[in-house]
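Visitor: File start27.txt follows (compact mmCIF, C-alpha atoms):
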```txt
# COMPACT_ATOMS: atom_id res chain seq x y z
CA MET J 1 0.00 0.00 0.00
CA ALA J 2 2.99 2.31 -0.10
CA ARG J 3 2.08 2.80 -3.73
CA LEU J 4 0.88 6.38 -3.96
CA GLN J 5 -2.35 5.34 -5.65
CA ASP J 6 -3.22 3.19 -2.62
CA ILE J 7 -2.84 6.04 -0.14
CA ASP J 8 -5.80 8.23 0.78
CA ALA J 9 -6.26 11.40 -1.25
CA LEU J 10 -5.37 13.90 1.48
CA MET J 11 -2.13 12.22 2.38
CA ARG J 12 -1.23 11.43 -1.21
CA GLU J 13 -1.43 15.10 -2.11
CA GLU J 14 0.72 15.99 0.90
CA LEU J 15 3.32 13.36 -0.01
CA ILE J 16 3.49 14.45 -3.64
CA GLU J 17 3.88 18.10 -2.72
CA LEU J 18 6.30 17.52 0.14
CA GLU J 19 9.47 19.46 -0.51
CA CYS J 20 12.46 17.14 -0.30
CA PRO J 21 15.93 18.49 0.42
CA LYS J 22 18.33 18.53 -2.49
CA PHE J 23 21.87 17.34 -1.94
CA GLY J 24 24.72 18.56 -4.08
CA SER J 25 26.49 15.23 -4.35
CA ASP J 26 26.01 11.47 -4.29
CA PRO J 27 28.18 10.27 -1.41
CA TRP J 28 29.37 6.68 -1.59
CA VAL J 29 31.26 4.45 0.80
CA ASP J 30 32.21 0.95 -0.35
CA ALA J 31 30.48 -1.55 1.90
CA PRO J 32 32.23 -4.49 3.57
CA LYS J 33 31.35 -8.03 2.58
CA LEU J 34 28.17 -9.06 4.35
CA ALA J 35 29.97 -11.71 6.39
CA GLU J 36 32.29 -9.00 7.68
CA SER J 37 29.63 -6.39 8.36
CA ARG J 38 28.55 -5.16 11.74
CA VAL J 39 25.03 -3.87 11.23
CA ALA J 40 23.14 -1.20 13.13
CA VAL J 41 19.52 -0.18 12.58
CA ILE J 42 18.41 3.42 12.45
CA SER J 43 14.63 3.65 12.47
CA THR J 44 12.47 6.71 11.97
CA ALA J 45 9.46 5.07 13.64
CA GLY J 46 9.66 7.15 16.80
CA LEU J 47 10.75 4.16 18.88
CA GLN J 48 11.96 4.54 22.42
CA ARG J 49 12.61 2.40 25.42
CA ARG J 50 9.76 2.31 27.90
CA GLY J 51 10.32 5.16 30.32
CA ASP J 52 12.39 7.26 27.88
CA ARG J 53 11.18 10.73 26.97
CA PRO J 54 8.54 10.49 24.25
CA PHE J 55 9.08 12.22 20.92
CA ASP J 56 7.22 15.50 20.61
CA LEU J 57 6.17 17.72 17.74
CA GLY J 58 9.21 18.69 15.65
CA ALA J 59 11.61 16.44 17.55
CA ALA J 60 14.91 16.10 15.70
CA ASP J 61 16.73 14.18 18.40
CA TYR J 62 17.09 10.43 18.67
CA ARG J 63 16.60 7.67 21.20
CA VAL J 64 19.06 4.88 21.89
CA ILE J 65 17.80 1.32 21.67
CA LEU J 66 20.06 -1.39 23.01
CA GLY J 67 20.17 -4.48 20.85
CA GLU J 68 19.02 -6.59 23.76
CA THR J 69 16.00 -4.38 24.49
CA ALA J 70 13.09 -6.74 24.91
CA ALA J 71 10.00 -6.27 22.78
CA GLU J 72 7.93 -5.43 25.85
CA ASP J 73 10.30 -2.58 26.64
CA LEU J 74 9.91 -0.91 23.26
CA VAL J 75 7.38 1.88 22.86
CA MET J 76 6.34 3.92 19.82
CA SER J 77 5.64 7.62 20.40
CA HIS J 78 5.66 8.86 16.79
CA ILE J 79 3.35 11.84 16.40
CA SER J 80 1.82 10.85 13.03
CA THR J 81 -1.52 9.08 12.85
CA ASN J 82 -1.06 8.25 9.18
CA PHE J 83 0.57 4.84 9.19
CA ASP J 84 -0.44 1.41 10.39
CA ARG J 85 0.58 0.46 13.92
CA ALA J 86 -1.29 -2.84 14.12
CA GLY J 87 1.55 -4.69 12.38
CA TYR J 88 4.18 -3.34 14.77
CA GLN J 89 1.96 -3.97 17.75
CA GLN J 90 1.89 -7.66 16.89
CA ASP J 91 5.56 -7.98 15.93
CA MET J 92 8.23 -5.31 16.39
CA ASN J 93 10.28 -6.87 13.57
CA VAL J 94 7.86 -5.22 11.15
CA CYS J 95 9.85 -2.01 11.62
CA PHE J 96 12.71 -2.94 13.96
CA PRO J 97 13.97 -6.31 12.65
CA ILE J 98 16.35 -7.07 15.46
CA ASP J 99 15.33 -10.75 15.72
CA ARG J 100 15.91 -11.27 12.01
CA LEU J 101 19.34 -9.58 12.20
CA ASN J 102 20.36 -11.71 15.19
CA GLU J 103 19.37 -14.82 13.20
CA LEU J 104 21.51 -13.71 10.27
CA ALA J 105 24.45 -13.10 12.61
CA GLU J 106 24.05 -16.50 14.24
CA GLU J 107 24.12 -18.12 10.80
CA GLY J 108 27.19 -16.14 9.78
CA VAL J 109 25.37 -14.36 6.94
CA ILE J 110 26.35 -11.04 8.51
CA GLY J 111 29.32 -10.56 10.81
CA SER J 112 27.55 -9.20 13.87
CA VAL J 113 24.79 -6.96 15.14
CA ALA J 114 25.61 -3.64 16.76
CA LYS J 115 25.15 -3.14 20.47
CA TYR J 116 23.44 0.21 20.01
CA HIS J 117 20.65 1.10 17.57
CA TYR J 118 18.84 4.40 17.18
CA SER J 119 15.47 5.88 16.37
CA PHE J 120 14.39 9.26 15.11
CA MET J 121 10.86 10.42 14.43
CA GLY J 122 10.43 10.66 10.69
CA ALA J 123 7.88 13.45 10.70
CA THR J 124 10.68 15.95 11.25
CA ALA J 125 12.42 17.78 8.39
CA PRO J 126 15.61 15.91 7.37
CA GLU J 127 17.72 19.09 7.55
CA ASP J 128 16.91 19.36 11.25
CA MET J 129 18.35 15.89 11.79
CA GLU J 130 21.73 16.67 10.24
CA ALA J 131 23.59 17.56 13.43
CA PRO J 132 22.33 14.57 15.45
CA ALA J 133 22.93 12.29 12.43
CA ARG J 134 26.55 13.40 12.16
CA GLN J 135 26.93 12.88 15.90
CA LEU J 136 25.58 9.37 15.40
CA ALA J 137 28.19 8.63 12.76
CA GLY J 138 30.88 8.90 15.44
CA LEU J 139 28.91 6.82 17.91
CA LEU J 140 28.29 4.10 15.33
CA LYS J 141 31.99 3.92 14.49
CA ALA J 142 32.79 3.67 18.19
CA ASP J 143 30.56 0.58 18.23
CA ASN J 144 32.61 -0.74 15.24
CA VAL J 145 29.59 -0.51 12.94
CA ASN J 146 30.48 -0.57 9.26
CA ALA J 147 27.01 -1.10 7.71
CA VAL J 148 23.93 0.92 8.61
CA MET J 149 20.39 -0.10 7.76
CA LEU J 150 17.91 2.77 7.65
CA ILE J 151 14.27 1.84 8.08
CA PRO J 152 11.37 4.30 7.70
CA VAL J 153 7.84 3.71 8.89
CA MET G 1 15.30 8.92 5.64
CA GLY G 2 17.23 9.78 2.49
CA GLY G 3 18.77 12.74 4.31
CA LEU G 4 20.10 10.53 7.10
CA ALA G 5 21.73 8.29 4.49
CA HIS G 6 23.49 11.29 2.91
CA TYR G 7 24.81 12.56 6.24
CA LEU G 8 26.08 9.15 7.39
CA GLU G 9 27.64 8.24 4.08
CA GLU G 10 29.38 11.62 3.89
CA ASP G 11 30.82 10.82 7.31
CA GLY G 12 32.22 7.49 6.15
CA LEU G 13 29.53 4.89 6.86
CA ALA G 14 28.01 2.61 4.22
CA THR G 15 24.21 2.72 4.38
CA THR G 16 21.35 0.83 2.84
CA GLN G 17 17.70 1.61 3.35
CA ILE G 18 14.11 0.66 2.77
CA SER G 19 12.06 3.18 0.83
CA LEU G 20 8.30 3.49 1.31
CA ILE G 21 7.60 6.52 -0.87
CA ARG G 22 9.51 5.94 -4.08
CA LEU G 23 9.02 9.53 -5.23
CA HIS G 24 10.90 10.81 -2.19
CA SER G 25 13.80 8.44 -2.78
CA GLU G 26 13.97 9.54 -6.41
CA LYS G 27 14.28 13.13 -5.21
CA THR G 28 16.71 12.67 -2.31
CA ARG G 29 18.90 10.05 -4.04
CA PRO G 30 20.18 8.06 -1.05
CA PRO G 31 23.16 5.79 -1.91
CA ARG G 32 21.24 2.50 -1.69
CA ALA G 33 17.47 2.09 -1.37
CA LEU G 34 14.99 -0.72 -1.85
CA TRP G 35 11.44 0.45 -2.53
CA VAL G 36 8.82 -1.87 -1.04
CA PRO G 37 5.09 -1.86 -1.88
CA PHE G 38 3.82 -2.59 1.65
CA GLU G 39 1.41 -0.62 3.83
CA LEU G 40 2.91 2.41 5.51
CA GLY G 41 3.96 1.28 8.98
CA ARG G 42 5.11 -2.14 7.73
CA PRO G 43 8.50 -1.61 6.05
CA LEU G 44 9.49 -5.26 6.51
CA GLY G 45 6.09 -6.59 5.48
CA PRO G 46 3.55 -8.60 7.47
CA PRO G 47 3.85 -9.30 11.20
CA ASN G 48 4.75 -12.77 12.43
CA ASP G 49 6.12 -13.88 9.07
CA ALA G 50 9.82 -14.31 9.73
CA ALA G 51 10.55 -15.83 6.33
CA PHE G 52 8.99 -12.88 4.50
CA GLN G 53 10.77 -10.34 6.71
CA ARG G 54 14.06 -12.14 6.14
CA ARG G 55 13.66 -11.94 2.36
CA VAL G 56 13.07 -8.19 2.57
CA LEU G 57 16.02 -7.79 4.91
CA MET G 58 18.32 -9.80 2.63
CA ALA G 59 17.24 -7.79 -0.41
CA THR G 60 18.00 -4.56 1.45
CA LEU G 61 21.38 -5.81 2.66
CA GLY G 62 22.02 -7.17 -0.84
CA LEU G 63 22.33 -3.60 -2.11
CA PHE G 64 25.67 -3.45 -0.31
CA ALA G 65 27.06 -5.49 -3.20
CA ALA G 66 26.60 -2.56 -5.60
CA LYS G 67 29.86 -1.03 -6.81
CA SER G 68 28.48 2.46 -7.38
CA GLY G 69 25.34 4.45 -6.80
CA PRO G 70 22.87 5.78 -6.12
CA VAL G 71 20.93 2.54 -6.39
CA LEU G 72 17.13 2.46 -6.19
CA GLU G 73 15.62 -0.97 -6.73
CA ASP G 74 12.04 -2.20 -6.46
CA TYR G 75 11.12 -5.16 -4.30
CA ALA G 76 8.96 -7.42 -6.43
CA GLU G 77 7.14 -9.49 -3.83
CA ASP G 78 3.96 -8.02 -2.37
CA ALA G 79 2.57 -8.89 1.04
CA ALA G 80 -0.24 -11.40 0.78
CA LYS G 81 -3.70 -9.96 1.21
CA ALA G 82 -6.26 -11.82 3.26
CA THR G 83 -8.67 -13.94 1.28
CA GLU G 84 -12.40 -13.27 1.52
CA ASP G 85 -12.76 -16.46 3.53
CA GLU G 86 -10.17 -15.30 6.02
CA MET G 87 -11.73 -11.87 6.30
CA GLU G 88 -15.19 -13.28 6.76
CA GLY G 89 -13.99 -14.44 10.14
CA TRP G 90 -12.44 -11.09 11.00
CA VAL G 91 -15.03 -9.00 12.69
CA CYS G 92 -14.61 -6.53 15.48
CA PRO G 93 -13.71 -8.43 18.63
CA ILE G 94 -17.03 -7.73 20.19
CA ASN G 95 -20.27 -6.34 18.93
CA LEU G 96 -19.94 -2.77 20.07
CA SER G 97 -23.11 -0.79 20.14
CA PRO G 98 -22.29 2.67 21.45
CA PRO G 99 -25.11 4.32 19.49
CA ALA G 100 -27.55 2.37 21.64
CA LEU G 101 -25.89 3.68 24.77
CA GLU G 102 -25.97 7.24 23.49
CA SER G 103 -29.56 7.00 22.39
CA ASN G 104 -30.37 6.03 25.98
CA GLY G 105 -29.03 9.39 27.05
CA ALA G 106 -25.67 8.18 28.35
CA ALA G 107 -22.73 10.57 27.93
CA PRO G 108 -20.10 9.69 25.30
CA ASP G 109 -17.53 9.02 27.99
CA ALA G 110 -19.84 6.41 29.52
CA GLY G 111 -19.92 4.74 26.12
CA VAL G 112 -16.11 4.66 25.98
CA ILE G 113 -15.80 3.26 29.49
CA SER G 114 -18.35 0.56 28.72
CA GLU G 115 -16.71 -0.22 25.41
CA MET G 116 -13.25 -0.56 26.93
CA LYS G 117 -14.64 -2.87 29.58
CA SER G 118 -16.01 -5.12 26.88
CA LEU G 119 -12.66 -5.14 25.08
CA TRP G 120 -10.59 -5.96 28.14
CA PRO G 121 -10.72 -9.77 27.77
CA TRP G 122 -9.42 -9.39 24.19
CA TYR G 123 -6.71 -7.05 25.36
CA ASP G 124 -5.65 -9.63 27.96
CA MET G 125 -5.60 -12.22 25.22
CA ALA G 126 -3.39 -9.93 23.11
CA LEU G 127 -0.91 -9.67 25.98
CA GLU G 128 -0.74 -13.44 26.12
CA LYS G 129 -0.52 -13.81 22.34
CA HIS G 130 2.01 -11.07 21.61
CA GLY G 131 3.93 -11.27 24.87
CA ARG G 132 3.77 -7.53 25.40
CA ASN G 133 1.50 -4.53 25.46
CA ASN G 134 1.96 -1.45 23.35
CA LEU G 135 1.02 1.17 25.88
CA GLY G 136 3.59 3.37 27.50
CA ALA G 137 3.94 6.43 25.29
CA SER G 138 2.32 8.63 27.91
CA GLY G 139 3.86 6.82 30.86
CA LEU G 140 0.41 6.67 32.44
CA ALA G 141 -1.53 3.61 33.48
CA LEU G 142 -4.38 2.87 31.11
CA GLU G 143 -7.04 4.27 33.44
CA GLY G 144 -4.95 7.40 33.94
CA ALA G 145 -4.57 7.91 30.19
CA ARG G 146 -8.29 7.46 29.74
CA SER G 147 -9.00 9.94 32.51
CA VAL G 148 -6.83 12.55 30.76
CA VAL G 149 -8.57 12.02 27.43
CA LEU G 150 -12.06 12.10 28.89
CA SER G 151 -11.25 15.25 30.85
CA PHE G 152 -10.60 17.05 27.56
CA SER G 153 -13.79 15.64 26.14
CA THR G 154 -15.92 16.89 29.01
CA GLY G 155 -14.41 20.36 28.75
CA GLU G 156 -12.54 20.30 32.06
CA PRO G 157 -9.00 19.29 31.01
CA GLU G 158 -6.77 17.91 33.70
CA GLU G 159 -3.72 20.11 34.25
CA ALA G 160 -0.20 18.72 33.90
CA SER G 161 -1.65 15.54 32.53
CA VAL G 162 1.68 13.91 31.77
CA PRO G 163 4.74 14.94 33.76
CA GLY G 164 7.45 16.61 31.70
CA VAL G 165 5.45 17.24 28.55
CA SER G 166 3.08 20.00 27.49
CA ARG G 167 -0.67 19.68 28.01
CA GLY G 168 -1.31 19.14 24.32
CA GLU G 169 1.46 16.56 23.92
CA GLY G 170 0.21 14.82 27.05
CA LEU G 171 -3.24 14.54 25.55
CA ARG G 172 -1.85 13.21 22.26
CA LEU G 173 0.27 10.56 24.02
CA ALA G 174 -2.66 9.52 26.21
CA VAL G 175 -4.86 9.18 23.11
CA ASP G 176 -2.16 7.04 21.47
CA ASP G 177 -2.08 4.75 24.49
CA ILE G 178 -5.84 4.23 24.38
CA LYS G 179 -5.69 3.59 20.63
CA ALA G 180 -2.93 1.04 21.27
CA PHE G 181 -5.26 -0.71 23.73
CA TYR G 182 -7.99 -0.96 21.09
CA VAL G 183 -5.59 -2.17 18.40
CA ASP G 184 -4.04 -4.74 20.73
CA ALA G 185 -7.54 -6.03 21.51
CA ALA G 186 -8.52 -6.12 17.83
CA THR G 187 -5.40 -7.99 16.74
CA ALA G 188 -6.00 -10.73 19.30
CA GLN G 189 -8.69 -11.95 16.93
CA PRO G 190 -7.81 -14.81 14.62
CA GLY G 191 -7.56 -13.91 10.96
CA ASN G 192 -5.22 -11.98 8.75
CA ALA G 193 -6.52 -8.43 9.17
CA SER G 194 -4.51 -5.75 7.40
CA GLY G 195 -3.70 -2.44 9.01
CA SER G 196 -6.51 -0.76 7.10
CA ASP G 197 -9.00 -3.42 8.27
CA VAL G 198 -8.13 -2.60 11.86
CA GLN G 199 -8.20 1.13 11.16
CA ASP G 200 -11.62 0.89 9.49
CA TRP G 201 -13.00 -1.05 12.43
CA PHE G 202 -11.61 1.43 14.94
CA TRP G 203 -12.67 4.59 13.13
CA ARG G 204 -16.07 3.41 11.95
CA GLU G 205 -17.34 1.31 14.78
CA THR G 206 -16.05 2.49 18.13
CA ALA G 207 -17.36 5.05 20.57
CA PHE G 208 -13.81 6.16 21.26
CA ALA G 209 -13.30 7.16 17.62
CA ARG G 210 -16.53 9.17 17.70
CA LEU G 211 -15.29 10.90 20.84
CA LEU G 212 -11.99 11.72 19.06
CA HIS G 213 -13.82 13.24 16.10
CA ASP G 214 -15.85 15.42 18.48
CA MET G 215 -12.74 16.36 20.41
CA ARG G 216 -10.96 17.28 17.18
CA ARG G 217 -13.66 19.78 16.30
CA LYS G 218 -13.54 21.32 19.78
CA LEU G 219 -9.73 21.55 19.88
CA MET G 220 -9.50 23.12 16.44
CA ALA G 221 -11.50 26.03 17.84
CA SER G 222 -9.24 26.33 20.89
CA SER G 223 -7.32 29.54 21.56
CA ASP G 224 -4.41 27.37 22.69
CA GLU G 225 -2.38 27.08 19.46
CA GLU G 226 -0.76 23.80 20.37
CA LEU G 227 -4.07 22.18 21.26
CA ALA G 228 -5.59 23.47 18.03
CA LEU G 229 -2.66 21.99 16.07
CA ILE G 230 -2.83 18.63 17.86
CA GLY G 231 -6.57 18.53 17.31
CA GLU G 232 -6.38 19.31 13.63
CA TRP G 233 -3.53 16.99 12.64
CA PHE G 234 -2.65 14.45 15.27
CA LEU G 235 -5.80 12.76 16.52
CA VAL G 236 -7.56 11.46 13.40
CA PRO G 237 -5.73 9.93 10.40
CA SER G 238 -6.21 11.61 7.04
CA SER G 239 -7.67 8.34 5.71
CA HIS G 240 -10.70 8.85 7.96
CA LEU G 241 -11.05 12.62 8.01
CA LEU G 242 -13.19 12.56 4.91
CA GLU G 243 -15.56 10.16 6.64
CA GLU G 244 -16.24 12.59 9.44
CA SER G 245 -19.84 13.03 8.35
CA TYR G 246 -20.28 9.33 9.11
CA TYR G 247 -20.19 10.16 12.82
CA ARG G 248 -22.64 13.03 12.87
```
What would the structure in this file look like if it were written as structure tokens?
Guide:
Amino acid sequence: MARLQDIDALMREELIELECPKFGSDPWVDAPKLAESRVAVISTAGLQRRGDRPFDLGAADYRVILGETAAEDLVMSHISTNFDRAGYQQDMNVCFPIDRLNELAEEGVIGSVAKYHYSFMGATAPEDMEAPARQLAGLLKADNVNAVMLIPV
Amino acid sequence: MGGLAHYLEEDGLATTQISLIRLHSEKTRPPRALWVPFELGRPLGPPNDAAFQRRVLMATLGLFAAKSGPVLEDYAEDAAKATEDEMEGWVCPINLSPPALESNGAAPDAGVISEMKSLWPWYDMALEKHGRNNLGASGLALEGARSVVLSFSTGEPEEASVPGVSRGEGLRLAVDDIKAFYVDAATAQPGNASGSDVQDWFWRETAFARLLHDMRRKLMASSDEELALIGEWFLVPSSHLLEESYYR
């Protein structure tokens, strides 16, 4: 249903007209072989650990999600009403596939799974997330991450 | 999402991503993106289908093999839709009849309280089935969240409803927790309901949704700018705004 024609008229119009930032270049970093990759997830689903500060309107900051965070300790506080939550409520892997990544690591398909993962709230303008994103780059490298998987909602 | 990819890649990290709105990925040109045709909110596809999720994950990670970019590929496999037979069995968890309550002169909040009571066994079943609940955004217990929401509905909003957040944000988070209760209860039902099936049930058949539509109209007229904003945009999904007349 993420085909534009399947989305309701009000939201479709908003999505089509949404101004996207333009970037002056196409950055590229060669990726490691999958078996040598240490993978971190960055979600924009507005995920937080239970008890963390919820995301609020215009939030450009992020929350830290430990890889071992149990499903019952994960909470979604995204401000948008315009996406399905029933899938996530039944299975967090729908937007935070930590179980699937751990399986791939156990099988040796990927090298390992990062200790720290992160979530933003995607309703915020991308430009506002630049400073925290660049801060995250350093934190990810400190966790020896060399492959980042970005997952919207 | 595409912006995050640019910033991280510029700072030396290889990224790959799922794309939900292809048009946006075409515009922002992230280094590696896999467009998927699934419902918004389900980037990895259907819940409780590990094999499907794994295929999506592998396709996304597979983009790391590209030698140059940007790369924008389409994922060919769609999520299975429920058959008519399956959906025939998917009805709202309990036959809610709030209009009957209201026609007997009961206040809307009485209808919500009664409705939630009738859903509680299904909510308990959801906890058992899913191993977790999805409340917690507001940090309030369910009854506390409901009390906050109903206080706005009756025109006597509780002050400082959620510690540490504004009154409007507190209301929005409390509403989200109550919605999560309803959705948890609904998804305890057997069947293969899609997100839109659950949404349609919630927004067309529950007293709580009717209360939210009423509250939206009241808040939009509020002199408190934040409350007016929350009311207009963050209580009712755009997919059901056009059906507002349904509730009048």
Visitor: What does the distance from CA of Lys179 in chain G to CA of Val162 in chain G come to in Å, to one decimal?
Guide: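 Separating CA of Lys179 in chain G from CA of Val162 in chain G is a distance of 16.9 Å.
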Visitor: Which chain J residues have any atom within 7 Å of an atom of chain G, and for each, what is the nearest pair of atoms with distance in Å to one decimal, counting all atoms listed in the file, rows sorted by chain and number, as a tab-separated table?
Guide:
```
residue	atom	partner	partner_atom	distance
J:Met1	CA	G:Glu39	CA	4.1
J:Ala2	CA	G:Pro37	CA	5.0
J:Arg3	CA	G:Pro37	CA	5.8
J:Asp8	CA	G:Ser239	CA	5.3
J:Leu10	CA	G:Ser238	CA	6.1
J:Met11	CA	G:Ser238	CA	6.2
J:Cys20	CA	G:Thr28	CA	6.5
J:Pro21	CA	G:Thr28	CA	6.5
J:Lys22	CA	G:Thr28	CA	6.1
J:Phe23	CA	G:Thr28	CA	7.0
J:Asp26	CA	G:Pro70	CA	6.8
J:Pro27	CA	G:Glu10	CA	5.6
J:Trp28	CA	G:Glu9	CA	6.1
J:Val29	CA	G:Ala14	CA	5.1
J:Asp30	CA	G:Ala14	CA	6.4
J:Ala31	CA	G:Ala14	CA	5.4
J:Arg50	CA	G:Gly136	CA	6.3
J:Gly51	CA	G:Gly139	CA	6.7
J:Pro54	CA	G:Ala137	CA	6.2
J:Asp56	CA	G:Glu169	CA	6.7
J:Ala71	CA	G:Arg132	CA	6.9
J:Glu72	CA	G:Arg132	CA	4.7
J:Val75	CA	G:Gly136	CA	6.2
J:Met76	CA	G:Ala137	CA	6.5
J:Ser77	CA	G:Ala137	CA	5.3
J:Ile79	CA	G:Phe234	CA	6.6
J:Ser80	CA	G:Phe234	CA	6.2
J:Thr81	CA	G:Pro237	CA	4.9
J:Asn82	CA	G:Pro237	CA	5.1
J:Phe83	CA	G:Gly41	CA	4.9
J:Asp84	CA	G:Gly41	CA	4.6
J:Arg85	CA	G:Gly41	CA	6.0
J:Ala86	CA	G:Gly195	CA	5.7
J:Gly87	CA	G:Pro47	CA	5.3
J:Tyr88	CA	G:Pro47	CA	7.0
J:Gln89	CA	G:Asn134	CA	6.1
J:Gln90	CA	G:His130	CA	5.8
J:Asp91	CA	G:Pro47	CA	5.2
J:Val94	CA	G:Leu44	CA	4.9
J:Cys95	CA	G:Pro43	CA	5.7
J:Arg100	CA	G:Arg54	CA	6.2
J:Pro126	CA	G:Gly3	CA	5.4
J:Glu130	CA	G:Tyr7	CA	6.5
J:Ala133	CA	G:Leu4	CA	6.3
J:Arg134	CA	G:Tyr7	CA	6.2
J:Ala137	CA	G:Leu8	CA	5.8
J:Asn146	CA	G:Leu13	CA	6.0
J:Ala147	CA	G:Ala14	CA	5.2
J:Val148	CA	G:Thr15	CA	4.6
J:Met149	CA	G:Thr16	CA	5.1
J:Leu150	CA	G:Gln17	CA	4.5
J:Ile151	CA	G:Ile18	CA	5.4
J:Pro152	CA	G:Met1	CA	6.4
J:Val153	CA	G:Gly41	CA	4.6
```
Visitor: How many Å lie between CA of Glu36 in chain J and CA of Ala70 in chain J, rounded to one decimal?
Guide: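 If I compute the distance from CA of Glu36 in chain J to CA of Ala70 in chain J, I get 25.9 Å.
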Visitor: Between CA of Asp61 in chain J and CA of Met121 in chain J, what is the distance, to one decimal in Å?
Guide: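 Taking CA of Asp61 in chain J and CA of Met121 in chain J, their separation equals 8.0 Å.
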Visitor: Go through G:Met215, G:Tyr75, G:Trp201, G:Met220 one by one, measure the shortest atom-to-atom distance of each to Ala185 in chain G using all atoms listed in the file, and give the residue with the smallest value.
Guide: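 The closest residue to Ala185 in chain G is G:Trp201.
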Visitor: Return the single residue from J:Leu66, J:Leu15, J:Val41, J:Ala114 that is closest to Lys141 in chain J, with distances computed using all atoms listed in the file.
Guide: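 Among the listed residues, the smallest separation from Lys141 in chain J belongs to J:Ala114.
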Visitor: Pick out the closest residue to Tyr62 in chain J from this set: J:Leu4, J:Leu140, J:Ala105, J:Ile42. Count only C-alpha atoms.
Guide: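 The shortest atom-to-atom distance to Tyr62 in chain J comes from J:Ile42.
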